[in-house]
Amino acid sequence: MLDHIRQSLDRIAAKDRRRVLRPAQLAGDGRMMRDGRELLDFSSNDYLGLARHPLLAERAADYARRYGAGAGASRLITGTSAEHESVEARIAAFKGSEAALVMASGWQANAGIIPALAKAAPKTAIFADALVHNSIHAGCRGAKADVHFYRHNDHADLERLLAEHGAAADARMIITESVFSMDGDRADLAALNATARKHDALLYVDEAHATGVLGNDGAGLTADNPGADIVMGTFSKAMGGFGAYVACSDLMRDYLINMCAGLIFSTAPPPAMLGAMDAALDIVPGMDAERAHLGELGEQLREELQGMGYDTLGSTTQIVPLVVGPESHALALGQHLLDRGIAALPIRPPTVPKGTSRIRLALRSTLKAQDVDHVLKAIGEWKLP
Ligand SMILES: *Cc1c(COP(=O)(O)O)cnc(C)c1O
């Protein structure tokens with residue numbers, strides 16, 4: 001087995017895809033420290049700069065002091081505290097849903113909830129956007145279901161697959177992200193709602209990148225386009241902390257408590273995590289100015305990149321891809337930017353489709369227009385290798 005493990009790592013290295021962990025420290029002003037250097041940070045998902053916000057850190061510390069370091073058991077045993085219930089009530093109010101449920105992480109939520117839902121009917125068919133996150137793929141792989149992927153944001157393709165495979169199943173589920181993590185574009189939730197109703201399908205929406213950033217009060221795109229049956233999102237990106245939420249009906253919550261292995265067999269989220277969630281819910285609805293600034297930075301970045309001839313795909317959000325094509329170009333541009341004090345992630349297959357390797361520029365409200373000018377200037381100085 002160990003020989004196979006070594007060979008497997010060697011194969012990854014031969015493709016120039018071997019990754020290593022590098023300690024970094026986020027700063028509050030759109031910067032981060034890594035390898036003893038200060039870098040302009042276009043790579044983390046801390047879109048509102050809340051990861052270093054004193055209110056979140058203080059409340060997390062306060063909850064830990066008052067309620068301890070751990071929850072002690074899973075939710076169904078003794079792990080449910082009054083703080084879990086109060087945070088869940090606040091999430092439901094924020095999202096405009098009947099109920100909510102907190103889970104350990106977004107990855108765990110998707111990987112656990114999708115198989116649990118699929119079990120409800122003898123034969124479930126799942127229709128998912130081709131560009132959904134790895135955790136949704138994990139959930140689909142783990143589900144006893146007939147799984148189909150429709151072309152990214154292509155409603156005609158979804159309709160075609162539903163017509164072809166939907167009726168043969170006892171139940172149908174459509175899965176999308178509201179903002180796509182690598183392209184920074186949006187799903188048309190109104191159209192997906194209509195398609196779901198038409199085909200008697202359940203609509204499942206992942207708001208990991210929209211929560212805190214988009215929609216009324218930053219409650220995500222489902223806040224403006226209600227109707228999805230189950231919405232999940234995270235507190236690990238714009239919300240500055242850690243953990244996931246599910247916003248749904250009482251019926252759905254009851255079902256997950258009884259059927260979702262990722263919830264039933266995992267220790268309940270600890271007090272500190274709930275404290276940070278509670279503090280984020282205090283301040284995020286009031287951050288319209290930061291959201292507007294983030295939107296303006298995105299406009300500035302896209303406009304200039306397109307002026308230089310770069311494709312930014314369908315991005316309309318704080319995530320702006322700069323497509324360069326071959327993997328080696330993405331790596332070279334990433335290094336060029338790093339040499340100029342800018343951390344921006346090269347993203348390559350299998351994370352994105354072949355031939356669309358890119359630099360993923362993630363904006364943060366703590367960045368200034370001059371910081372975006374700085375990265376644009378550095379990109380302008382880059383010559384194809
Ligand atoms: C980051 C992400 C997740 C996972 O969330 P974590 O809380 O970080 O585990 C799920 N879905 C999407 C679309 C994501 O980008």
# chains A, B, ... in the order shown; residues from 1 in each chain; ligands from 1
>>> residues_around(residues="A:Asp35", least_positions_apart="6", cutoff="12 Å", atoms="only C-alpha atoms", output="MDAnalysis selection string")
chainID A and resid 21:25 338 341 343
>>> closest_atom_pairs(of="chain A", to="ligand 1", cutoff="10 Å", atoms="only C-alpha atoms and all ligand atoms", output="Markdown table")
| residue | atom | partner | partner_atom_place_in_ligand_line | distance |
| --- | --- | --- | --- | --- |
| A:Asn45 | CA | ligand 1 | 1 (C) | 8.4 |
| A:Met103 | CA | ligand 1 | 7 (O) | 8.9 |
| A:Ala104 | CA | ligand 1 | 7 (O) | 7.5 |
| A:Ser105 | CA | ligand 1 | 7 (O) | 4.0 |
| A:Gly106 | CA | ligand 1 | 5 (O) | 3.3 |
| A:Trp107 | CA | ligand 1 | 9 (O) | 3.8 |
| A:Gln108 | CA | ligand 1 | 9 (O) | 6.4 |
| A:Ala109 | CA | ligand 1 | 9 (O) | 7.8 |
| A:Asn110 | CA | ligand 1 | 10 (C) | 6.8 |
| A:Ala111 | CA | ligand 1 | 10 (C) | 9.2 |
| A:Leu131 | CA | ligand 1 | 13 (C) | 9.4 |
| A:Val132 | CA | ligand 1 | 13 (C) | 6.6 |
| A:His133 | CA | ligand 1 | 13 (C) | 4.8 |
| A:Asn134 | CA | ligand 1 | 11 (N) | 7.5 |
| A:Ser135 | CA | ligand 1 | 10 (C) | 5.9 |
| A:Ile136 | CA | ligand 1 | 11 (N) | 7.1 |
| A:Thr176 | CA | ligand 1 | 13 (C) | 8.9 |
| A:Glu177 | CA | ligand 1 | 13 (C) | 6.1 |
| A:Ser178 | CA | ligand 1 | 13 (C) | 8.5 |
| A:Val179 | CA | ligand 1 | 13 (C) | 7.6 |
| A:Phe180 | CA | ligand 1 | 13 (C) | 6.4 |
| A:Ser181 | CA | ligand 1 | 15 (O) | 5.0 |
| A:Met182 | CA | ligand 1 | 15 (O) | 8.2 |
| A:Val205 | CA | ligand 1 | 13 (C) | 9.4 |
| A:Asp206 | CA | ligand 1 | 13 (C) | 5.9 |
| A:Glu207 | CA | ligand 1 | 13 (C) | 6.7 |
| A:Ala208 | CA | ligand 1 | 12 (C) | 4.9 |
| A:His209 | CA | ligand 1 | 15 (O) | 6.1 |
| A:Ala210 | CA | ligand 1 | 13 (C) | 9.3 |
| A:Met232 | CA | ligand 1 | 11 (N) | 8.4 |
| A:Gly233 | CA | ligand 1 | 10 (C) | 7.1 |
| A:Thr234 | CA | ligand 1 | 7 (O) | 5.0 |
| A:Phe235 | CA | ligand 1 | 7 (O) | 6.6 |
| A:Ser236 | CA | ligand 1 | 7 (O) | 5.1 |
| A:Lys237 | CA | ligand 1 | 8 (O) | 7.2 |
| A:Gly241 | CA | ligand 1 | 7 (O) | 9.1 |
| A:Phe242 | CA | ligand 1 | 7 (O) | 6.2 |
| A:Gly243 | CA | ligand 1 | 7 (O) | 5.2 |
| A:Ala244 | CA | ligand 1 | 7 (O) | 5.5 |
| A:Tyr245 | CA | ligand 1 | 7 (O) | 9.0 |
>>> write_last_selection(atoms="N, CA, C and O atoms", output="short mmCIF file (atom, residue, chain, number, x, y, z; two decimals), in the first residue's frame")
data_model
loop_
_atom_site.label_atom_id
_atom_site.label_comp_id
_atom_site.auth_asym_id
_atom_site.auth_seq_id
_atom_site.Cartn_x
_atom_site.Cartn_y
_atom_site.Cartn_z
N ASN A 45 -11.20 33.61 1.04
CA ASN A 45 -12.64 33.82 0.84
C ASN A 45 -13.24 34.68 1.94
O ASN A 45 -14.46 34.66 2.14
N MET A 103 -24.44 22.90 10.91
CA MET A 103 -23.62 21.69 10.73
C MET A 103 -22.13 22.04 10.80
O MET A 103 -21.77 23.21 10.73
N ALA A 104 -21.30 21.00 10.92
CA ALA A 104 -19.87 21.23 11.19
C ALA A 104 -19.19 22.01 10.07
O ALA A 104 -18.43 22.93 10.33
N SER A 105 -19.44 21.63 8.82
CA SER A 105 -18.80 22.36 7.72
C SER A 105 -19.66 22.24 6.48
O SER A 105 -20.53 21.37 6.39
N GLY A 106 -19.38 23.10 5.52
CA GLY A 106 -20.12 23.06 4.28
C GLY A 106 -19.87 21.77 3.52
O GLY A 106 -20.77 21.20 2.90
N TRP A 107 -18.63 21.32 3.58
CA TRP A 107 -18.30 20.08 2.88
C TRP A 107 -19.12 18.93 3.47
O TRP A 107 -19.74 18.15 2.75
N GLN A 108 -19.14 18.88 4.79
CA GLN A 108 -19.88 17.81 5.46
C GLN A 108 -21.38 17.92 5.18
O GLN A 108 -22.07 16.90 5.03
N ALA A 109 -21.88 19.15 5.13
CA ALA A 109 -23.32 19.33 4.88
C ALA A 109 -23.70 18.76 3.51
O ALA A 109 -24.60 17.92 3.40
N ASN A 110 -22.99 19.17 2.47
CA ASN A 110 -23.33 18.67 1.13
C ASN A 110 -23.11 17.16 1.02
O ASN A 110 -23.93 16.45 0.45
N ALA A 111 -21.98 16.70 1.56
CA ALA A 111 -21.66 15.27 1.44
C ALA A 111 -22.66 14.42 2.22
O ALA A 111 -22.88 13.26 1.89
N LEU A 131 -20.83 22.44 -12.83
CA LEU A 131 -19.74 23.12 -12.14
C LEU A 131 -19.89 23.18 -10.62
O LEU A 131 -19.25 23.99 -9.96
N VAL A 132 -20.74 22.31 -10.06
CA VAL A 132 -20.91 22.37 -8.60
C VAL A 132 -19.63 21.94 -7.88
O VAL A 132 -18.78 21.24 -8.43
N HIS A 133 -19.54 22.36 -6.65
CA HIS A 133 -18.38 22.14 -5.77
C HIS A 133 -18.13 20.66 -5.49
O HIS A 133 -19.05 19.85 -5.48
N ASN A 134 -16.89 20.35 -5.21
CA ASN A 134 -16.47 18.98 -4.88
C ASN A 134 -17.37 18.32 -3.83
O ASN A 134 -17.65 17.12 -3.92
N SER A 135 -17.81 19.07 -2.84
CA SER A 135 -18.63 18.47 -1.77
C SER A 135 -19.99 18.01 -2.29
O SER A 135 -20.55 17.03 -1.78
N ILE A 136 -20.52 18.68 -3.31
CA ILE A 136 -21.79 18.26 -3.92
C ILE A 136 -21.55 17.00 -4.75
O ILE A 136 -22.34 16.06 -4.71
N THR A 176 -27.90 23.23 -7.42
CA THR A 176 -27.07 24.29 -8.00
C THR A 176 -26.40 25.08 -6.89
O THR A 176 -26.78 24.99 -5.72
N GLU A 177 -25.39 25.85 -7.27
CA GLU A 177 -24.87 26.88 -6.38
C GLU A 177 -25.54 28.18 -6.80
O GLU A 177 -25.93 28.32 -7.97
N SER A 178 -25.68 29.13 -5.88
CA SER A 178 -26.27 30.40 -6.31
C SER A 178 -25.18 31.27 -6.93
O SER A 178 -25.41 31.94 -7.93
N VAL A 179 -23.97 31.26 -6.34
CA VAL A 179 -22.79 31.87 -6.95
C VAL A 179 -21.76 30.75 -7.10
O VAL A 179 -21.47 30.04 -6.14
N PHE A 180 -21.24 30.60 -8.29
CA PHE A 180 -20.31 29.49 -8.54
C PHE A 180 -18.90 29.86 -8.10
O PHE A 180 -18.41 30.94 -8.41
N SER A 181 -18.29 28.91 -7.38
CA SER A 181 -17.06 29.22 -6.65
C SER A 181 -15.86 29.53 -7.55
O SER A 181 -14.96 30.25 -7.14
N MET A 182 -15.83 28.99 -8.74
CA MET A 182 -14.65 29.18 -9.61
C MET A 182 -14.91 30.17 -10.74
O MET A 182 -13.98 30.80 -11.23
N VAL A 205 -30.06 24.52 -3.08
CA VAL A 205 -29.15 25.62 -3.47
C VAL A 205 -28.02 25.76 -2.46
O VAL A 205 -28.26 25.86 -1.25
N ASP A 206 -26.79 25.83 -2.95
CA ASP A 206 -25.59 26.06 -2.13
C ASP A 206 -25.23 27.55 -2.23
O ASP A 206 -24.89 28.03 -3.31
N GLU A 207 -25.30 28.23 -1.09
CA GLU A 207 -25.01 29.68 -1.07
C GLU A 207 -23.68 30.00 -0.40
O GLU A 207 -23.52 31.09 0.16
N ALA A 208 -22.73 29.08 -0.49
CA ALA A 208 -21.43 29.28 0.19
C ALA A 208 -20.81 30.64 -0.15
O ALA A 208 -20.31 31.33 0.74
N HIS A 209 -20.86 31.04 -1.42
CA HIS A 209 -20.18 32.27 -1.82
C HIS A 209 -21.10 33.49 -1.88
O HIS A 209 -20.64 34.60 -2.15
N ALA A 210 -22.39 33.28 -1.68
CA ALA A 210 -23.32 34.40 -1.72
C ALA A 210 -23.67 34.89 -0.32
O ALA A 210 -23.96 36.07 -0.12
N MET A 232 -28.33 25.64 1.60
CA MET A 232 -27.23 25.54 2.55
C MET A 232 -26.23 26.64 2.25
O MET A 232 -26.21 27.21 1.16
N GLY A 233 -25.43 26.97 3.25
CA GLY A 233 -24.39 27.96 3.06
C GLY A 233 -23.40 27.80 4.19
O GLY A 233 -23.55 26.90 5.02
N THR A 234 -22.39 28.64 4.19
CA THR A 234 -21.37 28.45 5.22
C THR A 234 -21.15 29.74 6.00
O THR A 234 -21.48 30.83 5.55
N PHE A 235 -20.57 29.56 7.17
CA PHE A 235 -20.09 30.69 7.97
C PHE A 235 -18.58 30.83 7.82
O PHE A 235 -17.94 31.58 8.54
N SER A 236 -18.02 30.07 6.86
CA SER A 236 -16.56 30.00 6.75
C SER A 236 -15.99 30.96 5.73
O SER A 236 -14.78 31.13 5.64
N LYS A 237 -16.85 31.62 4.96
CA LYS A 237 -16.34 32.53 3.93
C LYS A 237 -16.66 33.97 4.35
O LYS A 237 -16.04 34.46 5.27
N GLY A 241 -16.19 33.01 10.00
CA GLY A 241 -15.88 32.01 11.03
C GLY A 241 -15.76 30.62 10.47
O GLY A 241 -14.91 30.36 9.61
N PHE A 242 -16.64 29.75 10.92
CA PHE A 242 -16.56 28.35 10.52
C PHE A 242 -17.93 27.71 10.68
O PHE A 242 -18.72 28.14 11.50
N GLY A 243 -18.16 26.67 9.90
CA GLY A 243 -19.41 25.91 10.04
C GLY A 243 -20.38 26.20 8.93
O GLY A 243 -20.20 27.14 8.15
N ALA A 244 -21.41 25.36 8.86
CA ALA A 244 -22.41 25.51 7.80
C ALA A 244 -23.80 25.65 8.38
O ALA A 244 -24.03 25.34 9.55
N TYR A 245 -24.70 26.14 7.55
CA TYR A 245 -26.10 26.18 7.95
C TYR A 245 -26.95 25.54 6.86
O TYR A 245 -26.56 25.49 5.69
#
>>> residues_around(residues="stretch 75-92 of chain A", least_positions_apart="6", cutoff="9 Å", atoms="only C-alpha atoms", output="number ranges by chain")
A: 98-102, 245-248, 257-258, 263-271, 274-275, 277-278, 281
>>> closest_residue(among="A:Gly295, A:Gly314, A:Gly68, A:Gly262", to="A:Ile113", atoms="only C-alpha atoms")
A:Gly262
>>> closest_residue(among="A:Arg11, A:Arg151, A:Arg17, A:Lys198", to="A:Leu331", atoms="only C-alpha atoms")
A:Arg17
>>> select_by_dssp(residues="stretch 113-170 of chain A", states="strand (DSSP E or B)", output="list in words")
Thr124, Ala125, Ile126, Phe127, Ala128, Asp129, Asp146, Val147, His148, Phe149 and Tyr150 of chain A
>>> closest_residue(among="A:Ser97, A:Lys368, A:Asn193, A:Pro321", to="A:Pro346", atoms="only C-alpha atoms")
A:Pro321
>>> closest_residue(among="A:Leu9, A:Ile230, A:Ala145, A:Leu48", to="A:Gly286", atoms="only C-alpha atoms")
A:Leu48
>>> residues_around(residues="A:Ala27", least_positions_apart="6", cutoff="12 Å", atoms="only C-alpha atoms", output="list in words")
Met33, Arg34, Arg37, Glu38, Leu39, Leu40, Asp41, Ser44, Asp46, Gly49, Leu50, Ala51, Arg52, His53, Arg364, Thr366 and Leu367 of chain A
>>> atom_distance(atom1="atom CA of A:Ala280", atom2="atom CA of A:Ser365")
15.2 Å
>>> closest_residue(among="A:Ala130, A:Ser43, A:Val284, A:Thr222", to="A:Leu363", atoms="only C-alpha atoms")
A:Ser43
>>> closest_residue(among="A:Thr211, A:Asp254, A:Ala332, A:Ile379", to="A:Gln306", atoms="only C-alpha atoms")
A:Ile379
>>> atom_distance(atom1="atom CA of A:Glu58", atom2="atom CA of A:Leu26")
17.0 Å
>>> select_by_dssp(residues="stretch 41-249 of chain A", states="helix (DSSP H, G or I)", output="MDAnalysis selection string")
chainID A and resid 50:52 54:67 75:79 82:95 106:118 134:142 155:165 189:198 216:218 221:224
>>> write_last_selection(atoms="C-alpha atoms", output="mmCIF file, in the first residue's frame")
data_model
loop_
_atom_site.group_PDB
_atom_site.id
_atom_site.type_symbol
_atom_site.label_atom_id
_atom_site.label_comp_id
_atom_site.auth_asym_id
_atom_site.auth_seq_id
_atom_site.Cartn_x
_atom_site.Cartn_y
_atom_site.Cartn_z
ATOM 1 C CA LEU A 50 -14.681 39.400 9.233
ATOM 2 C CA ALA A 51 -12.171 36.632 9.965
ATOM 3 C CA ARG A 52 -10.152 39.186 11.954
ATOM 4 C CA PRO A 54 -12.796 41.814 16.983
ATOM 5 C CA LEU A 55 -16.510 41.261 17.649
ATOM 6 C CA LEU A 56 -16.403 37.730 16.205
ATOM 7 C CA ALA A 57 -13.187 36.800 18.015
ATOM 8 C CA GLU A 58 -14.495 38.277 21.291
ATOM 9 C CA ARG A 59 -17.838 36.490 21.126
ATOM 10 C CA ALA A 60 -16.128 33.206 20.217
ATOM 11 C CA ALA A 61 -13.854 33.619 23.256
ATOM 12 C CA ASP A 62 -16.780 34.604 25.459
ATOM 13 C CA TYR A 63 -18.816 31.520 24.448
ATOM 14 C CA ALA A 64 -15.782 29.281 25.050
ATOM 15 C CA ARG A 65 -15.241 30.796 28.509
ATOM 16 C CA ARG A 66 -18.885 30.461 29.443
ATOM 17 C CA TYR A 67 -19.813 27.144 27.819
ATOM 18 C CA ARG A 75 -26.766 16.761 18.473
ATOM 19 C CA LEU A 76 -29.094 13.823 19.132
ATOM 20 C CA ILE A 77 -27.259 12.697 22.280
ATOM 21 C CA THR A 78 -26.458 15.649 24.575
ATOM 22 C CA GLY A 79 -24.792 18.008 22.073
ATOM 23 C CA ALA A 82 -29.659 26.516 24.018
ATOM 24 C CA GLU A 83 -26.976 28.352 21.971
ATOM 25 C CA HIS A 84 -27.403 25.960 19.036
ATOM 26 C CA GLU A 85 -31.124 26.595 19.083
ATOM 27 C CA SER A 86 -30.799 30.359 19.370
ATOM 28 C CA VAL A 87 -28.265 30.588 16.518
ATOM 29 C CA GLU A 88 -30.531 28.401 14.401
ATOM 30 C CA ALA A 89 -33.509 30.643 15.112
ATOM 31 C CA ARG A 90 -31.413 33.655 14.076
ATOM 32 C CA ILE A 91 -30.277 31.935 10.855
ATOM 33 C CA ALA A 92 -33.898 31.101 9.980
ATOM 34 C CA ALA A 93 -34.842 34.765 10.517
ATOM 35 C CA PHE A 94 -31.842 35.930 8.430
ATOM 36 C CA LYS A 95 -32.663 33.543 5.588
ATOM 37 C CA GLY A 106 -20.125 23.062 4.277
ATOM 38 C CA TRP A 107 -18.300 20.076 2.882
ATOM 39 C CA GLN A 108 -19.878 17.814 5.460
ATOM 40 C CA ALA A 109 -23.321 19.334 4.884
ATOM 41 C CA ASN A 110 -23.330 18.671 1.133
ATOM 42 C CA ALA A 111 -21.663 15.273 1.441
ATOM 43 C CA GLY A 112 -24.192 14.224 4.085
ATOM 44 C CA ILE A 113 -27.473 15.871 3.156
ATOM 45 C CA ILE A 114 -27.639 14.817 -0.501
ATOM 46 C CA PRO A 115 -27.422 11.069 0.225
ATOM 47 C CA ALA A 116 -29.911 11.505 3.088
ATOM 48 C CA LEU A 117 -32.431 13.217 0.799
ATOM 49 C CA ALA A 118 -31.945 10.650 -1.946
ATOM 50 C CA ASN A 134 -16.468 18.983 -4.884
ATOM 51 C CA SER A 135 -18.631 18.474 -1.772
ATOM 52 C CA ILE A 136 -21.793 18.256 -3.916
ATOM 53 C CA HIS A 137 -20.051 15.732 -6.159
ATOM 54 C CA ALA A 138 -19.156 13.777 -3.018
ATOM 55 C CA GLY A 139 -22.807 13.908 -1.929
ATOM 56 C CA CYS A 140 -23.990 12.740 -5.352
ATOM 57 C CA ARG A 141 -21.449 9.900 -5.398
ATOM 58 C CA GLY A 142 -22.582 8.820 -1.954
ATOM 59 C CA HIS A 155 -31.630 25.447 -18.629
ATOM 60 C CA ALA A 156 -32.373 23.832 -21.968
ATOM 61 C CA ASP A 157 -29.956 21.039 -21.099
ATOM 62 C CA LEU A 158 -31.555 20.657 -17.660
ATOM 63 C CA GLU A 159 -35.025 20.515 -19.243
ATOM 64 C CA ARG A 160 -33.799 17.914 -21.716
ATOM 65 C CA LEU A 161 -32.353 15.705 -18.944
ATOM 66 C CA LEU A 162 -35.489 16.090 -16.815
ATOM 67 C CA ALA A 163 -37.697 15.134 -19.746
ATOM 68 C CA GLU A 164 -35.516 12.142 -20.528
ATOM 69 C CA HIS A 165 -34.878 10.777 -17.026
ATOM 70 C CA LEU A 189 -32.839 31.006 -9.379
ATOM 71 C CA ALA A 190 -36.197 32.264 -10.665
ATOM 72 C CA ALA A 191 -35.891 30.032 -13.737
ATOM 73 C CA LEU A 192 -34.691 27.076 -11.659
ATOM 74 C CA ASN A 193 -37.623 27.533 -9.268
ATOM 75 C CA ALA A 194 -40.025 27.422 -12.204
ATOM 76 C CA THR A 195 -38.335 24.348 -13.681
ATOM 77 C CA ALA A 196 -38.400 22.606 -10.308
ATOM 78 C CA ARG A 197 -42.137 23.266 -9.891
ATOM 79 C CA LYS A 198 -42.891 22.193 -13.436
ATOM 80 C CA ASN A 216 -31.089 41.706 0.732
ATOM 81 C CA ASP A 217 -29.108 42.200 3.997
ATOM 82 C CA GLY A 218 -26.441 39.892 2.566
ATOM 83 C CA LEU A 221 -29.508 35.191 -3.572
ATOM 84 C CA THR A 222 -32.331 33.020 -2.239
ATOM 85 C CA ALA A 223 -33.325 36.015 -0.085
ATOM 86 C CA ASP A 224 -34.358 37.797 -3.298
#
>>> residues_around(residues="A:Gly334", least_positions_apart="4", cutoff="9 Å", atoms="only C-alpha atoms", output="list in words")
His329, Ala330, Leu338, Asp339, Ile342, Ala343, Ala344, Leu345, Pro346 and Ile359 of chain A
